[in-house]
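Asks: As input, take final_39.tsv (TSV, C-alpha atoms):
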chain	number	residue	atom	x	y	z
R	161	MET	CA	0.00	0.00	0.00
R	162	SER	CA	1.32	3.38	-0.87
R	163	ARG	CA	1.49	6.25	1.59
R	164	LEU	CA	-1.40	8.03	-0.14
R	165	HIS	CA	-3.65	5.01	0.26
R	166	ARG	CA	-2.76	4.70	3.94
R	167	HIS	CA	-3.50	8.38	4.57
R	168	VAL	CA	-6.83	8.13	2.76
R	169	LEU	CA	-7.71	4.98	4.74
R	170	VAL	CA	-6.80	6.65	8.05
R	171	LEU	CA	-8.83	9.71	7.09
R	172	LEU	CA	-11.88	7.57	6.22
R	173	VAL	CA	-11.66	5.61	9.47
R	174	THR	CA	-11.35	8.86	11.45
R	175	LEU	CA	-14.38	10.36	9.70
R	176	VAL	CA	-16.44	7.23	10.39
R	177	LEU	CA	-15.50	7.27	14.08
R	178	PHE	CA	-16.35	10.94	14.53
R	179	SER	CA	-19.63	10.66	12.64
R	180	CYS	CA	-20.81	7.80	14.87
R	181	GLN	CA	-20.36	9.64	18.16
R	182	GLU	CA	-23.51	10.71	19.96
R	183	LYS	CA	-23.76	14.46	20.35
R	184	PRO	CA	-24.69	15.80	23.80
R	185	GLN	CA	-28.18	17.20	24.06
R	186	GLY	CA	-27.58	20.37	26.01
R	187	PRO	CA	-30.09	22.05	28.28
R	188	VAL	CA	-33.79	21.45	27.74
R	189	SER	CA	-35.58	24.37	26.17
R	190	LEU	CA	-39.15	25.42	26.50
R	191	GLU	CA	-39.61	25.00	22.75
R	192	GLN	CA	-38.70	21.31	22.97
R	193	VAL	CA	-41.26	20.40	25.61
R	194	LYS	CA	-44.02	22.99	25.47
R	195	TYR	CA	-46.39	20.69	23.60
R	196	ASN	CA	-45.73	17.60	25.75
R	197	ASN	CA	-48.82	16.36	27.50
R	198	ASN	CA	-50.41	13.09	28.50
R	199	LYS	CA	-53.43	13.36	26.20
R	200	THR	CA	-52.12	11.16	23.40
R	201	SER	CA	-53.32	7.59	23.38
R	202	TYR	CA	-51.46	4.77	21.75
R	203	PRO	CA	-52.99	1.90	19.78
R	204	ASP	CA	-51.56	-1.43	20.90
R	205	THR	CA	-51.54	-2.98	17.42
R	206	LYS	CA	-48.57	-1.09	15.95
R	207	MET	CA	-45.82	-2.85	17.98
R	208	ASP	CA	-45.46	-5.78	20.26
R	209	SER	CA	-47.15	-4.78	23.53
R	210	LEU	CA	-43.98	-5.06	25.60
R	211	GLN	CA	-42.03	-2.95	23.10
R	212	ALA	CA	-44.81	-0.38	23.06
R	213	ILE	CA	-44.93	-0.19	26.85
R	214	ASN	CA	-41.13	0.19	27.05
R	215	ALA	CA	-41.09	2.95	24.42
R	216	ILE	CA	-44.02	4.82	25.93
R	217	THR	CA	-42.67	4.51	29.47
R	218	ARG	CA	-39.25	5.83	28.42
R	219	GLN	CA	-40.92	8.76	26.63
R	220	LYS	CA	-43.20	9.63	29.55
R	221	VAL	CA	-40.39	9.41	32.15
R	222	GLN	CA	-38.20	11.70	30.01
R	223	GLU	CA	-41.06	14.17	29.49
R	224	VAL	CA	-41.86	14.39	33.22
R	225	ILE	CA	-38.20	14.94	34.07
R	226	ASP	CA	-37.73	17.55	31.31
R	227	LEU	CA	-40.83	19.49	32.34
R	228	SER	CA	-39.79	19.27	36.00
R	229	ILE	CA	-36.33	20.65	35.15
R	230	LEU	CA	-37.90	23.62	33.38
R	231	TYR	CA	-40.29	24.18	36.28
R	232	SER	CA	-37.58	23.92	38.96
R	233	SER	CA	-35.31	26.34	37.09
R	234	GLY	CA	-38.05	28.99	36.97
R	235	LYS	CA	-39.22	31.36	39.69
R	236	LYS	CA	-42.43	29.34	40.34
R	237	ASP	CA	-44.56	32.46	40.64
R	238	THR	CA	-45.58	33.18	37.06
R	239	GLU	CA	-48.55	31.94	35.09
R	240	ILE	CA	-46.24	29.93	32.83
R	241	ASP	CA	-44.82	28.13	35.86
R	242	SER	CA	-48.28	27.30	37.19
R	243	ALA	CA	-49.37	26.08	33.73
R	244	MET	CA	-46.23	23.93	33.52
R	245	TYR	CA	-46.90	22.51	37.00
R	246	THR	CA	-50.46	21.62	35.96
R	247	GLN	CA	-49.06	20.04	32.81
R	248	ILE	CA	-46.68	17.88	34.88
R	249	LEU	CA	-49.51	16.79	37.18
R	250	GLY	CA	-51.44	15.66	34.07
R	251	TYR	CA	-49.04	12.71	33.83
R	252	PHE	CA	-50.29	11.33	37.15
R	253	HIS	CA	-53.41	9.26	37.74
R	254	ALA	CA	-54.22	11.07	40.99
R	255	PRO	CA	-52.57	14.50	40.61
R	256	ASP	CA	-51.04	15.43	43.95
R	257	SER	CA	-48.26	17.90	44.70
R	258	LEU	CA	-46.71	15.46	47.21
R	259	THR	CA	-46.02	13.02	44.38
R	260	LEU	CA	-43.73	15.54	42.67
R	261	GLN	CA	-41.86	16.76	45.77
R	262	PRO	CA	-39.05	14.14	45.77
R	263	LEU	CA	-38.31	14.80	42.09
R	264	LEU	CA	-38.40	18.60	42.37
R	265	GLN	CA	-36.28	18.62	45.54
R	266	GLU	CA	-33.63	16.46	43.89
R	267	LEU	CA	-33.55	18.64	40.76
R	268	GLU	CA	-33.26	21.85	42.78
R	269	GLY	CA	-30.65	20.34	45.11
R	270	PHE	CA	-28.34	19.37	42.25
R	271	LYS	CA	-29.20	22.48	40.16
R	272	VAL	CA	-29.97	20.24	37.19
R	273	ARG	CA	-30.35	21.81	33.73
R	274	SER	CA	-30.79	18.64	31.67
R	275	ALA	CA	-31.20	14.91	32.23
R	276	LYS	CA	-31.17	11.72	30.26
R	277	VAL	CA	-33.02	8.49	31.07
R	278	ASN	CA	-31.01	5.29	30.53
R	279	ASN	CA	-31.40	1.56	31.15
R	280	LEU	CA	-35.17	1.62	31.59
R	281	GLN	CA	-36.61	-1.75	32.59
R	282	VAL	CA	-40.32	-2.38	32.88
R	283	TYR	CA	-41.44	-5.15	35.21
R	284	GLU	CA	-44.50	-6.38	37.07
R	285	GLU	CA	-44.97	-7.39	40.67
R	286	TYR	CA	-47.86	-9.45	41.92
R	287	HIS	CA	-49.32	-8.50	45.26
R	288	GLU	CA	-52.25	-10.63	46.34
R	289	GLN	CA	-54.64	-10.28	43.38
R	290	ASP	CA	-53.15	-7.08	41.96
R	291	THR	CA	-50.60	-6.72	39.21
R	292	LEU	CA	-48.41	-3.69	39.86
R	293	ASN	CA	-46.44	-2.16	36.96
R	294	PHE	CA	-43.06	-0.57	37.63
R	295	ALA	CA	-40.29	1.06	35.66
R	296	ARG	CA	-36.75	1.02	37.01
R	297	PHE	CA	-34.38	3.42	35.28
R	298	GLN	CA	-31.16	5.34	35.59
R	299	VAL	CA	-31.12	9.14	35.32
R	300	ASP	CA	-28.01	11.09	34.38
R	301	TYR	CA	-28.13	14.72	35.55
R	302	PHE	CA	-26.19	17.51	33.83
R	303	ASP	CA	-25.49	21.11	34.83
R	304	ALA	CA	-25.78	24.27	32.72
R	305	SER	CA	-22.47	23.57	30.95
R	306	ASN	CA	-23.63	20.00	30.17
R	307	LYS	CA	-21.20	18.41	32.62
R	308	PRO	CA	-22.40	15.32	34.50
R	309	ILE	CA	-23.56	16.02	38.05
R	310	ALA	CA	-24.94	12.70	39.23
R	311	ARG	CA	-26.27	9.34	38.12
R	312	LYS	CA	-29.22	7.97	40.11
R	313	GLN	CA	-31.21	4.74	40.03
R	314	ARG	CA	-34.92	5.54	40.27
R	315	GLU	CA	-38.25	3.77	40.16
R	316	ALA	CA	-41.74	4.79	39.10
R	317	GLN	CA	-45.05	2.97	39.30
R	318	TYR	CA	-47.48	3.37	36.41
R	319	ILE	CA	-50.91	2.28	35.30
R	320	LEU	CA	-52.46	1.76	31.87
R	321	VAL	CA	-56.06	2.93	31.75
R	322	SER	CA	-58.28	1.58	29.01
R	323	SER	CA	-59.47	4.30	26.66
R	324	PRO	CA	-61.33	2.56	23.83
R	325	GLN	CA	-61.94	4.51	20.65
R	326	LYS	CA	-64.25	3.55	17.83
R	327	PHE	CA	-63.14	0.07	16.62
R	328	LYS	CA	-59.74	0.41	18.34
R	329	LYS	CA	-58.47	-0.80	21.67
R	330	GLN	CA	-56.37	1.99	23.19
R	331	PHE	CA	-55.03	2.99	26.57
R	332	ARG	CA	-53.71	6.01	28.45
R	333	PHE	CA	-50.54	6.00	30.50
R	334	TYR	CA	-50.41	7.51	34.01
R	335	PHE	CA	-47.86	7.43	36.80
R	336	LEU	CA	-48.97	6.43	40.29
R	337	THR	CA	-45.66	7.22	41.99
R	338	PHE	CA	-42.46	8.84	40.79
R	339	TYR	CA	-39.19	8.70	42.79
R	340	ASN	CA	-40.92	7.75	46.03
R	341	GLN	CA	-42.16	4.61	47.70
R	342	PRO	CA	-44.46	2.57	45.45
R	343	ILE	CA	-48.05	1.87	46.35
R	344	LYS	CA	-48.18	-1.76	47.43
R	345	ASP	CA	-51.90	-2.42	47.07
R	346	SER	CA	-54.76	-0.70	45.27
R	347	ILE	CA	-57.29	-1.81	47.90
R	348	SER	CA	-57.15	-0.08	51.25
R	349	GLU	CA	-57.14	-2.20	54.37
R	350	ALA	CA	-60.53	-2.73	55.92
R	351	VAL	CA	-61.89	-4.35	59.04
R	352	THR	CA	-63.44	-7.72	58.27
R	353	LYS	CA	-66.03	-9.36	60.45
Could you express the structure from this file as structure tokens?
Replies:
Amino acid sequence: MSRLHRHVLVLLVTLVLFSCQEKPQGPVSLEQVKYNNNKTSYPDTKMDSLQAINAITRQKVQEVIDLSILYSSGKKDTEIDSAMYTQILGYFHAPDSLTLQPLLQELEGFKVRSAKVNNLQVYEEYHEQDTLNFARFQVDYFDASNKPIARKQREAQYILVSSPQKFKKQFRFYFLTFYNQPIKDSISEAVTK
């Protein structure tokens, strides 16, 4: 091989390596997430149900974290902040401000400006006669200059609510818990006689 061929080969290999590298996302902007909501429903016939649940869960977790980052970086006293807070609560089956507190406190404590969800695993637990759906995932937090701050293992509990449309079986996705202790049973304890 001549020197010219070797230089061309090295140049091509270098270009291939640099083109395959993943580019960092940077901070989340309001334009990226302003239309995120939990109103879309997903037909279960387009993908395998487990693949669909994994994809939807990853998307919903990322959307909740992105919206929470934008909310926690604001002043929390404007109409936009209150609308964003309401939008975040729309991802939860029983909207409650206590559900969001662990997430918001962690984001504010680390001064997070962007995050990425990795290694999401969906699994089920059986408790008496209930099937409980969980997502275990890893969150990488980044600061304003896109430097890693922390990597945390987190868990969220979710529910799929049937939302049938005309001639289609569809469902809506809601979180029950996010970053805090999961609900162990959907039926409250009662006194039996």
Asks: Nearest to Gln261 of chain R: which of R:Ser232, R:Gln298, R:Val282, R:Lys307 is it, counting only C-alpha atoms?
Replies: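 Ranked by minimum distance to Gln261 of chain R, first place goes to R:Ser232.
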Asks: Name the residues in contact with Leu249 of chain R at a cut-off of 9 Å, using all atoms listed in the file, excluding same-chain residues fewer than 6 positions from it; report them as a PDB file with C-alpha atoms, in the coordinates of the input.
Replies:
ATOM      1  CA  VAL R 224     -41.860  14.390  33.220  1.00  0.00           C
ATOM      2  CA  PRO R 255     -52.570  14.500  40.610  1.00  0.00           C
ATOM      3  CA  ASP R 256     -51.040  15.430  43.950  1.00  0.00           C
ATOM      4  CA  SER R 257     -48.260  17.900  44.700  1.00  0.00           C
ATOM      5  CA  THR R 259     -46.020  13.020  44.380  1.00  0.00           C
ATOM      6  CA  LEU R 260     -43.730  15.540  42.670  1.00  0.00           C
TER       7      LEU R 260
END
Asks: So which residues touch segment 242-245 of chain R within 9 Å, counting only C-alpha atoms, skipping near sequence neighbours fewer than 3 positions away, as a list in words?
Replies: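 Surrounding residues, per the criterion: Lys194, Leu227, Ser228, Leu230, Tyr231, Lys236, Asp237, Thr238, Glu239, Ile248, Leu249 and Gly250 of chain R.
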Asks: Which is closest to Ala212 of chain R among R:Leu320, R:Leu169, R:Leu336, R:Val277, if we use all atoms listed in the file?
Replies: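 With all atoms listed in the file as the atom set, the closest residue is R:Leu320.
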Asks: Kindly indicate which residue among R:Ala275, R:Ile240, R:Ala254, R:Ile213 lies nearest to Ala304 of chain R, using all atoms listed in the file for the distances.
Replies: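 With all atoms listed in the file as the atom set, the closest residue is R:Ala275.
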Asks: Figure out the distance between atom CA of Ser233 of chain R and atom CA of Arg314 of chain R, please, to one decimal in Å.
Replies: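 The value is 21.0 Å.
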Asks: Pull C-alpha atoms for segment 269-310 of chain R from the block and write them as a PDB file, in the first residue's frame.
Replies:
ATOM      1  CA  GLY R 269     -30.646  20.340  45.113  1.00  0.00           C
ATOM      2  CA  PHE R 270     -28.342  19.373  42.249  1.00  0.00           C
ATOM      3  CA  LYS R 271     -29.196  22.484  40.159  1.00  0.00           C
ATOM      4  CA  VAL R 272     -29.971  20.240  37.192  1.00  0.00           C
ATOM      5  CA  ARG R 273     -30.352  21.809  33.734  1.00  0.00           C
ATOM      6  CA  SER R 274     -30.791  18.638  31.675  1.00  0.00           C
ATOM      7  CA  ALA R 275     -31.200  14.912  32.234  1.00  0.00           C
ATOM      8  CA  LYS R 276     -31.168  11.716  30.257  1.00  0.00           C
ATOM      9  CA  VAL R 277     -33.019   8.493  31.067  1.00  0.00           C
ATOM     10  CA  ASN R 278     -31.015   5.289  30.525  1.00  0.00           C
ATOM     11  CA  ASN R 279     -31.401   1.561  31.155  1.00  0.00           C
ATOM     12  CA  LEU R 280     -35.166   1.616  31.587  1.00  0.00           C
ATOM     13  CA  GLN R 281     -36.612  -1.752  32.593  1.00  0.00           C
ATOM     14  CA  VAL R 282     -40.318  -2.384  32.883  1.00  0.00           C
ATOM     15  CA  TYR R 283     -41.440  -5.149  35.213  1.00  0.00           C
ATOM     16  CA  GLU R 284     -44.503  -6.385  37.065  1.00  0.00           C
ATOM     17  CA  GLU R 285     -44.968  -7.394  40.665  1.00  0.00           C
ATOM     18  CA  TYR R 286     -47.865  -9.447  41.919  1.00  0.00           C
ATOM     19  CA  HIS R 287     -49.318  -8.504  45.264  1.00  0.00           C
ATOM     20  CA  GLU R 288     -52.252 -10.629  46.340  1.00  0.00           C
ATOM     21  CA  GLN R 289     -54.637 -10.285  43.376  1.00  0.00           C
ATOM     22  CA  ASP R 290     -53.153  -7.083  41.963  1.00  0.00           C
ATOM     23  CA  THR R 291     -50.595  -6.721  39.206  1.00  0.00           C
ATOM     24  CA  LEU R 292     -48.410  -3.691  39.859  1.00  0.00           C
ATOM     25  CA  ASN R 293     -46.437  -2.162  36.963  1.00  0.00           C
ATOM     26  CA  PHE R 294     -43.055  -0.570  37.634  1.00  0.00           C
ATOM     27  CA  ALA R 295     -40.287   1.062  35.655  1.00  0.00           C
ATOM     28  CA  ARG R 296     -36.749   1.022  37.013  1.00  0.00           C
ATOM     29  CA  PHE R 297     -34.382   3.418  35.281  1.00  0.00           C
ATOM     30  CA  GLN R 298     -31.161   5.343  35.590  1.00  0.00           C
ATOM     31  CA  VAL R 299     -31.125   9.138  35.321  1.00  0.00           C
ATOM     32  CA  ASP R 300     -28.010  11.090  34.382  1.00  0.00           C
ATOM     33  CA  TYR R 301     -28.135  14.715  35.548  1.00  0.00           C
ATOM     34  CA  PHE R 302     -26.191  17.505  33.831  1.00  0.00           C
ATOM     35  CA  ASP R 303     -25.486  21.108  34.830  1.00  0.00           C
ATOM     36  CA  ALA R 304     -25.785  24.275  32.724  1.00  0.00           C
ATOM     37  CA  SER R 305     -22.474  23.574  30.955  1.00  0.00           C
ATOM     38  CA  ASN R 306     -23.629  20.005  30.171  1.00  0.00           C
ATOM     39  CA  LYS R 307     -21.203  18.409  32.623  1.00  0.00           C
ATOM     40  CA  PRO R 308     -22.403  15.319  34.505  1.00  0.00           C
ATOM     41  CA  ILE R 309     -23.565  16.024  38.050  1.00  0.00           C
ATOM     42  CA  ALA R 310     -24.939  12.695  39.234  1.00  0.00           C
TER      43      ALA R 310
END
